[in-house]
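J.: File query.pdb below, PDB, C-alpha atoms and all ligand atoms:
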ATOM      1  CA  MET A 180    -112.928 171.306  -6.166
ATOM      2  CA  LYS A 181    -110.260 168.683  -5.632
ATOM      3  CA  LYS A 182    -110.304 165.646  -7.919
ATOM      4  CA  ILE A 183    -109.422 162.317  -6.268
ATOM      5  CA  ALA A 184    -108.542 159.413  -8.550
ATOM      6  CA  PHE A 185    -108.688 155.798  -7.434
ATOM      7  CA  LEU A 186    -107.954 152.397  -8.924
ATOM      8  CA  THR A 187    -107.854 148.697  -8.106
ATOM      9  CA  SER A 188    -104.744 146.756  -9.076
ATOM     10  CA  GLY A 189    -103.282 143.240  -8.870
ATOM     11  CA  GLY A 190    -105.481 140.245  -8.020
ATOM     12  CA  ASP A 191    -109.077 141.276  -7.385
ATOM     13  CA  ALA A 192    -110.447 140.660  -3.895
ATOM     14  CA  PRO A 193    -114.034 140.485  -2.595
ATOM     15  CA  GLY A 194    -114.817 143.800  -0.910
ATOM     16  CA  MET A 195    -113.017 146.005  -3.438
ATOM     17  CA  ASN A 196    -116.408 147.282  -4.638
ATOM     18  CA  ALA A 197    -117.418 148.179  -1.098
ATOM     19  CA  ALA A 198    -114.206 150.244  -0.862
ATOM     20  CA  ILE A 199    -114.912 151.923  -4.224
ATOM     21  CA  ARG A 200    -118.449 152.775  -3.101
ATOM     22  CA  SER A 201    -117.145 154.196   0.151
ATOM     23  CA  ILE A 202    -114.536 156.334  -1.645
ATOM     24  CA  VAL A 203    -117.126 157.747  -4.066
ATOM     25  CA  LYS A 204    -119.710 158.493  -1.373
ATOM     26  CA  THR A 205    -117.142 160.093   0.962
ATOM     27  CA  CYS A 206    -115.744 162.248  -1.867
ATOM     28  CA  LEU A 207    -119.225 163.456  -2.790
ATOM     29  CA  HIS A 208    -119.975 164.230   0.855
ATOM     30  CA  PHE A 209    -116.902 166.496   1.061
ATOM     31  CA  ASP A 210    -117.432 168.102  -2.385
ATOM     32  CA  LEU A 211    -114.465 166.277  -3.874
ATOM     33  CA  ILE A 212    -114.663 164.830  -7.385
ATOM     34  CA  PRO A 213    -114.254 161.012  -7.380
ATOM     35  CA  TYR A 214    -112.481 159.800 -10.516
ATOM     36  CA  ALA A 215    -112.203 156.070 -11.313
ATOM     37  CA  ILE A 216    -109.256 154.815 -13.343
ATOM     38  CA  TYR A 217    -110.101 151.570 -15.144
ATOM     39  CA  ASP A 218    -107.966 148.418 -15.043
ATOM     40  CA  GLY A 219    -105.340 149.578 -12.563
ATOM     41  CA  PHE A 220    -102.079 151.200 -13.611
ATOM     42  CA  GLN A 221    -102.544 149.882 -17.164
ATOM     43  CA  GLY A 222    -105.665 152.029 -17.510
ATOM     44  CA  MET A 223    -103.695 154.986 -16.149
ATOM     45  CA  ILE A 224    -101.091 154.519 -18.891
ATOM     46  CA  GLU A 225    -103.792 154.200 -21.545
ATOM     47  CA  GLY A 226    -105.741 157.198 -20.217
ATOM     48  CA  ARG A 227    -108.951 155.401 -19.335
ATOM     49  CA  GLY A 228    -111.140 156.702 -16.534
ATOM     50  CA  LYS A 229    -114.262 158.622 -15.623
ATOM     51  CA  VAL A 230    -115.800 160.912 -13.040
ATOM     52  CA  MET A 231    -118.033 158.804 -10.814
ATOM     53  CA  SER A 232    -121.502 159.642  -9.589
ATOM     54  CA  GLU A 233    -123.625 158.191  -6.815
ATOM     55  CA  ASN A 234    -125.437 156.068  -9.439
ATOM     56  CA  ASP A 235    -122.194 154.419 -10.563
ATOM     57  CA  VAL A 236    -121.784 152.752  -7.167
ATOM     58  CA  GLU A 237    -125.405 151.824  -6.624
ATOM     59  CA  ASN A 238    -125.998 148.127  -5.975
ATOM     60  CA  CYS A 239    -122.318 147.144  -5.865
ATOM     61  CA  ILE A 240    -121.504 146.678  -2.151
ATOM     62  CA  GLN A 241    -122.508 143.010  -2.395
ATOM     63  CA  LEU A 242    -120.612 142.241  -5.619
ATOM     64  CA  GLY A 243    -117.350 140.329  -5.817
ATOM     65  CA  GLY A 244    -114.565 141.334  -8.216
ATOM     66  CA  THR A 245    -114.038 145.016  -8.996
ATOM     67  CA  ILE A 246    -116.471 147.079 -11.083
ATOM     68  CA  ILE A 247    -113.608 149.263 -12.361
ATOM     69  CA  GLY A 248    -111.418 146.330 -13.417
ATOM     70  CA  THR A 249    -107.864 145.457 -12.444
ATOM     71  CA  ALA A 250    -104.576 144.438 -14.049
ATOM     72  CA  ARG A 251    -100.994 143.535 -13.257
ATOM     73  CA  SER A 252     -99.250 146.114 -15.456
ATOM     74  CA  LYS A 253     -95.699 145.268 -16.498
ATOM     75  CA  GLU A 254     -95.564 148.494 -18.521
ATOM     76  CA  PHE A 255     -96.087 150.590 -15.392
ATOM     77  CA  MET A 256     -92.870 149.173 -13.953
ATOM     78  CA  THR A 257     -90.974 150.907 -16.813
ATOM     79  CA  SER A 258     -90.227 154.638 -16.661
ATOM     80  CA  ALA A 259     -91.689 155.078 -20.172
ATOM     81  CA  GLY A 260     -94.974 153.562 -18.949
ATOM     82  CA  ARG A 261     -95.045 155.787 -15.884
ATOM     83  CA  GLU A 262     -94.346 158.883 -18.018
ATOM     84  CA  LYS A 263     -97.545 158.201 -19.981
ATOM     85  CA  ALA A 264     -99.445 157.625 -16.736
ATOM     86  CA  ILE A 265     -98.189 160.904 -15.274
ATOM     87  CA  GLU A 266     -99.179 162.781 -18.443
ATOM     88  CA  PHE A 267    -102.682 161.380 -18.064
ATOM     89  CA  LEU A 268    -102.975 162.338 -14.376
ATOM     90  CA  LYS A 269    -101.819 165.869 -15.247
ATOM     91  CA  SER A 270    -104.219 166.168 -18.191
ATOM     92  CA  GLU A 271    -107.114 165.159 -15.932
ATOM     93  CA  ALA A 272    -105.888 167.562 -13.203
ATOM     94  CA  ILE A 273    -105.867 164.829 -10.560
ATOM     95  CA  ASP A 274    -105.083 166.147  -7.053
ATOM     96  CA  GLY A 275    -104.726 162.863  -5.164
ATOM     97  CA  LEU A 276    -104.634 159.119  -5.778
ATOM     98  CA  ILE A 277    -105.992 156.149  -3.808
ATOM     99  CA  VAL A 278    -104.742 152.698  -4.829
ATOM    100  CA  ILE A 279    -106.414 149.484  -3.682
ATOM    101  CA  GLY A 280    -104.316 146.318  -3.952
ATOM    102  CA  GLY A 281    -101.432 144.332  -2.555
ATOM    103  CA  ASP A 282     -97.690 144.826  -2.135
ATOM    104  CA  GLY A 283     -97.089 145.005  -5.929
ATOM    105  CA  THR A 284     -99.661 147.801  -6.184
ATOM    106  CA  PHE A 285     -97.991 149.726  -3.372
ATOM    107  CA  ALA A 286     -94.559 149.280  -4.973
ATOM    108  CA  GLY A 287     -95.973 150.815  -8.182
ATOM    109  CA  ALA A 288     -97.570 153.668  -6.234
ATOM    110  CA  MET A 289     -94.269 154.419  -4.473
ATOM    111  CA  LEU A 290     -92.467 154.677  -7.829
ATOM    112  CA  LEU A 291     -95.139 157.072  -9.080
ATOM    113  CA  GLY A 292     -94.810 159.134  -5.886
ATOM    114  CA  ILE A 293     -91.080 159.582  -6.520
ATOM    115  CA  GLU A 294     -91.670 160.863 -10.050
ATOM    116  CA  MET A 295     -94.778 162.972  -9.471
ATOM    117  CA  ASN A 296     -95.660 165.216  -6.589
ATOM    118  CA  ILE A 297     -99.111 163.847  -5.825
ATOM    119  CA  PRO A 298    -100.632 162.686  -2.502
ATOM    120  CA  ILE A 299    -101.027 158.892  -2.535
ATOM    121  CA  ILE A 300    -102.923 156.670  -0.095
ATOM    122  CA  GLY A 301    -103.006 152.846  -0.281
ATOM    123  CA  ILE A 302    -105.796 150.511   0.821
ATOM    124  CA  PRO A 303    -104.748 146.862   1.353
ATOM    125  CA  GLY A 304    -106.879 144.564  -0.812
ATOM    126  CA  THR A 305    -105.784 140.963  -1.404
ATOM    127  CA  ILE A 306    -107.076 137.557  -0.391
ATOM    128  CA  ASP A 307    -103.521 136.650   0.685
ATOM    129  CA  ASN A 308    -103.474 138.769   3.889
ATOM    130  CA  ASP A 309     -99.752 139.207   3.444
ATOM    131  CA  ILE A 310     -99.235 142.964   3.757
ATOM    132  CA  LYS A 311     -96.863 144.203   6.422
ATOM    133  CA  GLY A 312     -98.390 146.780   8.766
ATOM    134  CA  THR A 313    -102.009 145.613   8.732
ATOM    135  CA  ASP A 314    -103.688 142.746  10.540
ATOM    136  CA  TYR A 315    -106.242 142.286   7.764
ATOM    137  CA  THR A 316    -106.538 142.937   4.063
ATOM    138  CA  ILE A 317    -109.829 143.348   2.202
ATOM    139  CA  GLY A 318    -110.918 140.005   0.725
ATOM    140  CA  PHE A 319    -109.150 137.674   3.112
ATOM    141  CA  ASP A 320    -112.192 136.917   5.265
ATOM    142  CA  THR A 321    -114.393 136.082   2.263
ATOM    143  CA  ALA A 322    -111.728 133.843   0.715
ATOM    144  CA  LEU A 323    -111.183 132.146   4.074
ATOM    145  CA  ASN A 324    -114.901 131.398   4.337
ATOM    146  CA  THR A 325    -114.896 130.019   0.777
ATOM    147  CA  VAL A 326    -111.975 127.717   1.609
ATOM    148  CA  VAL A 327    -113.495 126.541   4.889
ATOM    149  CA  THR A 328    -116.886 125.816   3.270
ATOM    150  CA  SER A 329    -115.116 123.863   0.508
ATOM    151  CA  ILE A 330    -113.063 121.810   2.953
ATOM    152  CA  ASP A 331    -116.208 120.992   4.974
ATOM    153  CA  LYS A 332    -117.698 119.545   1.783
ATOM    154  CA  ILE A 333    -114.534 117.647   0.897
ATOM    155  CA  ARG A 334    -114.461 116.185   4.405
ATOM    156  CA  ASP A 335    -117.945 114.677   3.882
ATOM    157  CA  THR A 336    -116.837 112.613   0.921
ATOM    158  CA  ALA A 337    -113.335 111.959   2.312
ATOM    159  CA  SER A 338    -114.858 110.474   5.492
ATOM    160  CA  SER A 339    -117.319 108.344   3.552
ATOM    161  CA  HIS A 340    -114.552 106.791   1.442
ATOM    162  CA  HIS A 341    -111.796 106.812   4.106
ATOM    163  CA  ARG A 342    -109.683 108.863   1.756
ATOM    164  CA  VAL A 343    -106.712 111.167   1.932
ATOM    165  CA  PHE A 344    -107.307 114.560   0.264
ATOM    166  CA  LEU A 345    -104.696 117.125  -0.665
ATOM    167  CA  VAL A 346    -106.416 120.509  -0.839
ATOM    168  CA  GLU A 347    -104.464 123.279  -2.540
ATOM    169  CA  VAL A 348    -105.256 126.862  -1.565
ATOM    170  CA  MET A 349    -103.933 130.140  -2.988
ATOM    171  CA  GLY A 350    -100.829 131.805  -1.617
ATOM    172  CA  LYS A 351     -97.745 131.738  -3.819
ATOM    173  CA  ASP A 352     -95.624 133.030  -0.978
ATOM    174  CA  ALA A 353     -98.105 133.459   1.841
ATOM    175  CA  GLY A 354     -99.555 130.880   4.211
ATOM    176  CA  SER A 355    -102.311 132.946   5.871
ATOM    177  CA  LEU A 356    -105.200 131.314   3.998
ATOM    178  CA  ALA A 357    -103.749 127.837   4.536
ATOM    179  CA  ILE A 358    -103.124 128.256   8.264
ATOM    180  CA  ASP A 359    -106.408 129.969   9.125
ATOM    181  CA  SER A 360    -108.455 127.549   7.024
ATOM    182  CA  ALA A 361    -106.708 124.645   8.769
ATOM    183  CA  LEU A 362    -107.678 126.069  12.154
ATOM    184  CA  CYS A 363    -111.263 126.651  11.026
ATOM    185  CA  SER A 364    -111.793 123.287   9.324
ATOM    186  CA  GLY A 365    -110.289 120.983  11.930
ATOM    187  CA  THR A 366    -107.287 120.148   9.751
ATOM    188  CA  GLU A 367    -103.981 119.647  11.503
ATOM    189  CA  THR A 368    -101.718 119.002   8.542
ATOM    190  CA  VAL A 369    -100.861 122.167   6.651
ATOM    191  CA  LEU A 370     -97.955 123.108   4.395
ATOM    192  CA  ILE A 371     -97.026 126.777   3.983
ATOM    193  CA  PRO A 372     -94.298 128.616   2.034
ATOM    194  CA  GLU A 373     -92.928 130.255   5.202
ATOM    195  CA  GLU A 374     -91.937 126.877   6.685
ATOM    196  CA  THR A 375     -89.616 124.238   5.251
ATOM    197  CA  THR A 376     -91.662 121.139   4.508
ATOM    198  CA  ASP A 377     -90.375 117.916   6.021
ATOM    199  CA  LEU A 378     -91.642 115.187   3.675
ATOM    200  CA  GLN A 379     -90.845 112.388   6.119
ATOM    201  CA  LYS A 380     -92.852 114.113   8.853
ATOM    202  CA  LEU A 381     -95.747 114.575   6.425
ATOM    203  CA  ILE A 382     -95.718 110.866   5.546
ATOM    204  CA  THR A 383     -95.751 109.934   9.247
ATOM    205  CA  GLN A 384     -98.627 112.359   9.925
ATOM    206  CA  ILE A 385    -100.686 110.966   7.053
ATOM    207  CA  GLN A 386    -100.039 107.374   8.167
ATOM    208  CA  HIS A 387    -101.005 108.271  11.734
ATOM    209  CA  ASN A 388    -104.247 109.861  10.477
ATOM    210  CA  ILE A 389    -105.107 106.921   8.233
ATOM    211  CA  ASN A 390    -104.792 104.599  11.250
ATOM    212  CA  LEU A 391    -106.920 106.778  13.505
ATOM    213  CA  LYS A 392    -109.393 108.766  11.441
ATOM    214  CA  LYS A 393    -112.012 108.397   8.751
ATOM    215  CA  ALA A 394    -110.654 111.268   6.676
ATOM    216  CA  THR A 395    -107.228 112.770   6.220
ATOM    217  CA  ILE A 396    -107.025 116.289   4.864
ATOM    218  CA  VAL A 397    -103.745 118.021   4.009
ATOM    219  CA  ILE A 398    -103.953 121.738   3.184
ATOM    220  CA  ILE A 399    -101.192 122.927   0.863
ATOM    221  CA  ALA A 400    -100.492 126.574   0.013
ATOM    222  CA  GLU A 401     -99.763 126.671  -3.739
ATOM    223  CA  GLY A 402     -96.281 128.124  -3.145
ATOM    224  CA  ASP A 403     -95.060 125.556  -0.633
ATOM    225  CA  ASP A 404     -91.311 124.899  -0.912
ATOM    226  CA  ALA A 405     -91.915 121.173  -1.511
ATOM    227  CA  GLY A 406     -94.090 122.024  -4.519
ATOM    228  CA  ASN A 407     -97.786 122.464  -5.212
ATOM    229  CA  SER A 408    -100.354 119.718  -4.547
ATOM    230  CA  THR A 409     -99.626 118.011  -7.886
ATOM    231  CA  VAL A 410     -95.909 117.715  -7.114
ATOM    232  CA  ILE A 411     -96.548 116.610  -3.530
ATOM    233  CA  LEU A 412     -99.082 113.995  -4.656
ATOM    234  CA  GLU A 413     -96.424 112.395  -6.870
ATOM    235  CA  LYS A 414     -93.947 112.431  -3.988
ATOM    236  CA  LEU A 415     -96.457 110.719  -1.658
ATOM    237  CA  LYS A 416     -97.779 108.027  -3.997
ATOM    238  CA  PRO A 417     -94.883 105.537  -3.564
ATOM    239  CA  TYR A 418     -95.378 105.613   0.231
ATOM    240  CA  PHE A 419     -99.116 104.897   0.054
ATOM    241  CA  PRO A 420     -99.599 102.293  -2.696
ATOM    242  CA  ASP A 421    -102.842 100.979  -1.178
ATOM    243  CA  THR A 422    -104.393 104.303  -0.206
ATOM    244  CA  SER A 423    -106.731 106.347  -2.310
ATOM    245  CA  ILE A 424    -105.306 109.877  -2.368
ATOM    246  CA  ARG A 425    -107.329 112.588  -4.100
ATOM    247  CA  GLN A 426    -106.399 116.163  -4.930
ATOM    248  CA  THR A 427    -108.541 119.312  -5.053
ATOM    249  CA  ILE A 428    -107.174 122.626  -6.299
ATOM    250  CA  LEU A 429    -109.557 125.351  -5.126
ATOM    251  CA  GLY A 430    -108.041 127.891  -7.532
ATOM    252  CA  HIS A 431    -109.762 131.124  -8.496
ATOM    253  CA  ILE A 432    -113.015 130.169  -6.769
ATOM    254  CA  GLN A 433    -111.228 131.625  -3.736
ATOM    255  CA  ARG A 434    -111.094 135.082  -5.314
ATOM    256  CA  GLY A 435    -114.753 135.319  -6.327
ATOM    257  CA  GLY A 436    -118.104 135.672  -4.629
ATOM    258  CA  SER A 437    -120.032 138.180  -2.618
ATOM    259  CA  PRO A 438    -117.892 139.744   0.134
ATOM    260  CA  SER A 439    -118.531 138.707   3.737
ATOM    261  CA  ALA A 440    -120.003 141.227   6.172
ATOM    262  CA  LYS A 441    -116.555 141.559   7.758
ATOM    263  CA  ASP A 442    -114.932 142.450   4.414
ATOM    264  CA  ARG A 443    -117.713 144.934   3.559
ATOM    265  CA  LEU A 444    -117.227 146.624   6.919
ATOM    266  CA  LEU A 445    -113.441 146.738   6.584
ATOM    267  CA  ALA A 446    -113.626 148.048   3.011
ATOM    268  CA  THR A 447    -116.251 150.674   3.831
ATOM    269  CA  THR A 448    -114.265 151.933   6.807
ATOM    270  CA  MET A 449    -110.958 151.938   4.936
ATOM    271  CA  GLY A 450    -112.382 153.710   1.861
ATOM    272  CA  ASN A 451    -113.799 156.480   4.029
ATOM    273  CA  PHE A 452    -110.559 156.739   6.026
ATOM    274  CA  ALA A 453    -108.486 156.995   2.831
ATOM    275  CA  VAL A 454    -110.494 159.948   1.465
ATOM    276  CA  ASN A 455    -110.368 161.735   4.810
ATOM    277  CA  ALA A 456    -106.608 161.153   4.977
ATOM    278  CA  ILE A 457    -105.954 162.521   1.491
ATOM    279  CA  ASN A 458    -108.270 165.477   2.146
ATOM    280  CA  ALA A 459    -106.301 166.218   5.330
ATOM    281  CA  GLY A 460    -103.072 166.377   3.300
ATOM    282  CA  GLU A 461    -101.657 162.944   4.146
ATOM    283  CA  THR A 462     -99.492 161.242   1.531
ATOM    284  CA  ASN A 463     -97.510 158.037   1.049
ATOM    285  CA  LYS A 464     -99.550 156.213   3.673
ATOM    286  CA  MET A 465    -101.448 152.945   3.782
ATOM    287  CA  VAL A 466    -104.724 152.585   5.646
ATOM    288  CA  ALA A 467    -104.270 149.705   8.080
ATOM    289  CA  SER A 468    -106.321 147.671  10.501
ATOM    290  CA  LEU A 469    -104.297 147.318  13.665
ATOM    291  CA  ASN A 470    -105.713 145.756  16.824
ATOM    292  CA  SER A 471    -109.226 146.443  15.468
ATOM    293  CA  GLN A 472    -108.450 150.148  14.947
ATOM    294  CA  ILE A 473    -108.070 151.867  11.575
ATOM    295  CA  ALA A 474    -104.750 153.707  11.356
ATOM    296  CA  LEU A 475    -102.209 155.044   8.853
ATOM    297  CA  GLN A 476     -98.860 153.386   8.155
ATOM    298  CA  ASP A 477     -95.933 154.698   6.102
ATOM    299  CA  LEU A 478     -96.180 153.319   2.581
ATOM    300  CA  SER A 479     -92.383 153.206   2.341
ATOM    301  CA  GLU A 480     -92.289 150.575   5.087
ATOM    302  CA  ILE A 481     -94.921 148.357   3.517
ATOM    303  CA  GLY A 482     -93.913 145.142   1.848
ATOM    304  CA  LYS A 483     -94.855 141.529   2.118
ATOM    305  CA  SER A 484     -95.385 140.347   5.641
ATOM    306  CA  PHE A 485     -93.816 137.019   6.281
ATOM    307  CA  SER A 486     -96.175 136.564   9.164
ATOM    308  CA  GLU A 487     -95.181 134.904  12.356
ATOM    309  CA  PHE A 488     -97.389 131.870  12.459
ATOM    310  CA  ASN A 489     -95.685 130.322  15.471
ATOM    311  CA  ASP A 490     -98.665 130.529  17.820
ATOM    312  CA  LYS A 491    -101.045 129.082  15.263
ATOM    313  CA  LEU A 492     -98.582 126.342  14.250
ATOM    314  CA  ARG A 493     -98.064 125.454  17.926
ATOM    315  CA  LEU A 494    -101.827 125.189  18.378
ATOM    316  CA  LEU A 495    -102.141 122.930  15.327
ATOM    317  CA  SER A 496     -99.317 120.684  16.538
ATOM    318  CA  GLU A 497    -100.968 120.345  19.967
ATOM    319  CA  PHE A 498    -104.099 119.060  18.207
ATOM    320  CA  GLU A 499    -102.263 116.531  16.040
TER     321      GLU A 499
HETATM  322  O1  LIG B 501    -102.474 137.842  -5.066
HETATM  323  C1  LIG B 501    -103.622 137.115  -4.990
HETATM  324  C2  LIG B 501    -103.503 135.795  -5.697
HETATM  325  O2  LIG B 501    -104.798 135.243  -5.735
HETATM  326  C3  LIG B 501    -102.496 134.810  -5.126
HETATM  327  O3  LIG B 501    -102.969 134.101  -4.005
HETATM  328  C4  LIG B 501    -102.272 133.908  -6.305
HETATM  329  O4  LIG B 501    -101.038 133.250  -6.203
HETATM  330  C5  LIG B 501    -102.294 134.864  -7.462
HETATM  331  O5  LIG B 501    -103.086 135.965  -7.044
HETATM  332  C6  LIG B 501    -102.855 134.296  -8.732
HETATM  333  O6  LIG B 501    -102.774 135.265  -9.719
HETATM  334  P1  LIG B 501    -103.444 135.151 -11.166
HETATM  335  O7  LIG B 501    -104.902 135.404 -10.999
HETATM  336  O8  LIG B 501    -102.775 136.199 -11.952
HETATM  337  O9  LIG B 501    -103.207 133.754 -11.636
END
I'd like the structure from this file rewritten - as structure tokens, please.

T.:
Amino acid sequence: MKKIAFLTSGGDAPGMNAAIRSIVKTCLHFDLIPYAIYDGFQGMIEGRGKVMSENDVENCIQLGGTIIGTARSKEFMTSAGREKAIEFLKSEAIDGLIVIGGDGTFAGAMLLGIEMNIPIIGIPGTIDNDIKGTDYTIGFDTALNTVVTSIDKIRDTASSHHRVFLVEVMGKDAGSLAIDSALCSGTETVLIPEETTDLQKLITQIQHNINLKKATIVIIAEGDDAGNSTVILEKLKPYFPDTSIRQTILGHIQRGGSPSAKDRLLATTMGNFAVNAINAGETNKMVASLNSQIALQDLSEIGKSFSEFNDKLRLLSEFE
């Protein structure tokens, strides 16, 4: 019987558990042994894992986070760290590996694939939706809904007080959450890392909004080139001495919570696809969602996607 190991790595994302459940159930269906490695590549280095049974994934499809833990392992990026990890995989007689995470996770998996002859399949899981080669990553939809619900609430109080609110969302170098939440929450002013922020234009937009509207919301991706919401607030204050500007940093709330139906569906489909791919002898591939179809992409071509937001930005500017 083939033994298939899997792990979650990098920032957790809602839906990772649905993917884990799907991997375990698909393995058991095909008489493969599902083997969970705890806490990402760090757990692989430290030799921590276990054979999973049906019971281990009972009642987890609806849970946020990851039941097998995650980490951002610096040690795995060293060859000494990877040597220990490879020893562990050999000692456990692992025949294939599925990694769930973002671009950092895939970079780690690629390094492992160079040093060890083992089939590897990636599943994109990150709230950032910034992986090249896939339209969606597991966790993005849930995080987007969390952001939109939060902004709806902020708008209630902002309208009542005629206030300006700067709302900071996650995305240290990705604007997907910021742009999509702007479109979904009726917010036209959005700052993203992929675009150079024009402070003068921002000031004019805010002034225009103050004159016309009850509430002014500005969505700022944490990695915007002009700074995060704290830095931008300080830059704006001198221009609006008589205006009450408030700041909300949504922070890690965006990463938690029960996954949306869309994320559960994506994760379940991708987990099943990954096991089938590895069982069919595929290696160095990422499971992707492309034009609503699940497909395989070459892992070597995966990196960060610096998405083209032009259409969405045009739409937002037409609503300004
Ligand atoms: O990669 C997902 C993400 O949530 C980013 O949006 C964010 O910048 C980062 O992780 C935060 O990482 P940490 O939880 O390590 O602070």

J.: Which of these, A:Asn458, A:Asp314, A:Val410, A:Ser355, has the shortest distance to Ile473 in chain A once you count all atoms listed in the file?

T.: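 With all atoms listed in the file as the atom set, the closest residue is A:Asp314.
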
J.: When the cut-off is 7 Å and you count all atoms listed in the file, which residues lie near ligand LIG 501 (chain B), shown as an MDAnalysis selection string?

T.: chainID A and resid 189:190 305:307 349:351 431 434

J.: For a quick check of understanding, using only C-alpha atoms, which of A:Glu262, A:Glu254, A:Asp210, A:Asp404 has the smallest distance to Gly354 in chain A?

T.: A:Asp404

J.: Using only C-alpha atoms, which of the listed residues (A:Ser496, A:Thr383, A:Thr284, A:Ser252) sits closest to Ala361 in chain A?

T.: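 The shortest atom-to-atom distance to Ala361 in chain A comes from A:Ser496.
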
J.: Kindly give the distance, in Å, that separates CA of Asp335 in chain A and CA of Ser364 in chain A, rounded to a single decimal.

T.: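 If I compute the distance from CA of Asp335 in chain A to CA of Ser364 in chain A, I get 11.9 Å.
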
J.: Counting only C-alpha atoms, which residues come within 10 Å of (-106.2, 155.1, -16.4), with the point read in the file's coordinates, and could you list them as a CSV table (one decimal) with C-alpha atoms, in the frame of the given file?

T.:
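Final output, saved to part_27.csv:
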chain,number,residue,atom,x,y,z
A,184,ALA,CA,-108.5,159.4,-8.6
A,185,PHE,CA,-108.7,155.8,-7.4
A,186,LEU,CA,-108.0,152.4,-8.9
A,214,TYR,CA,-112.5,159.8,-10.5
A,215,ALA,CA,-112.2,156.1,-11.3
A,216,ILE,CA,-109.3,154.8,-13.3
A,217,TYR,CA,-110.1,151.6,-15.1
A,218,ASP,CA,-108.0,148.4,-15.0
A,219,GLY,CA,-105.3,149.6,-12.6
A,220,PHE,CA,-102.1,151.2,-13.6
A,221,GLN,CA,-102.5,149.9,-17.2
A,222,GLY,CA,-105.7,152.0,-17.5
A,223,MET,CA,-103.7,155.0,-16.1
A,224,ILE,CA,-101.1,154.5,-18.9
A,225,GLU,CA,-103.8,154.2,-21.5
A,226,GLY,CA,-105.7,157.2,-20.2
A,227,ARG,CA,-109.0,155.4,-19.3
A,228,GLY,CA,-111.1,156.7,-16.5
A,229,LYS,CA,-114.3,158.6,-15.6
A,263,LYS,CA,-97.5,158.2,-20.0
A,264,ALA,CA,-99.4,157.6,-16.7
A,265,ILE,CA,-98.2,160.9,-15.3
A,267,PHE,CA,-102.7,161.4,-18.1
A,268,LEU,CA,-103.0,162.3,-14.4

J.: Near Gly482 in chain A, within 7 Å and counting only C-alpha atoms, which residues show up once chain neighbours fewer than 6 positions away are dropped, as an mmCIF file with C-alpha atoms, in the coordinates of the input?

T.:
data_model
loop_
_atom_site.group_PDB
_atom_site.id
_atom_site.type_symbol
_atom_site.label_atom_id
_atom_site.label_comp_id
_atom_site.auth_asym_id
_atom_site.auth_seq_id
_atom_site.Cartn_x
_atom_site.Cartn_y
_atom_site.Cartn_z
ATOM 1 C CA ASP A 282 -97.690 144.826 -2.135
ATOM 2 C CA ILE A 310 -99.235 142.964 3.757
ATOM 3 C CA LYS A 311 -96.863 144.203 6.422
#

J.: CA of Lys464 in chain A and CA of Pro193 in chain A, how far apart in Å?

T.: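 These two atoms are separated by 22.3 Å.
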
J.: Counting all atoms listed in the file, which of A:Ile424, A:Leu478, A:Leu242, A:Ile183 gets nearest to Ile385 in chain A?

T.: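 Result for the nearest residue to Ile385 in chain A: A:Ile424.
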
J.: May I have the residues within 12 Å of Ile398 in chain A as an MDAnalysis selection string, using only C-alpha atoms and disregarding those fewer than 6 positions away in the same chain?

T.: chainID A and resid 326:327 329:330 333:334 343:350 354:372 381 385 407:408 411 426:429
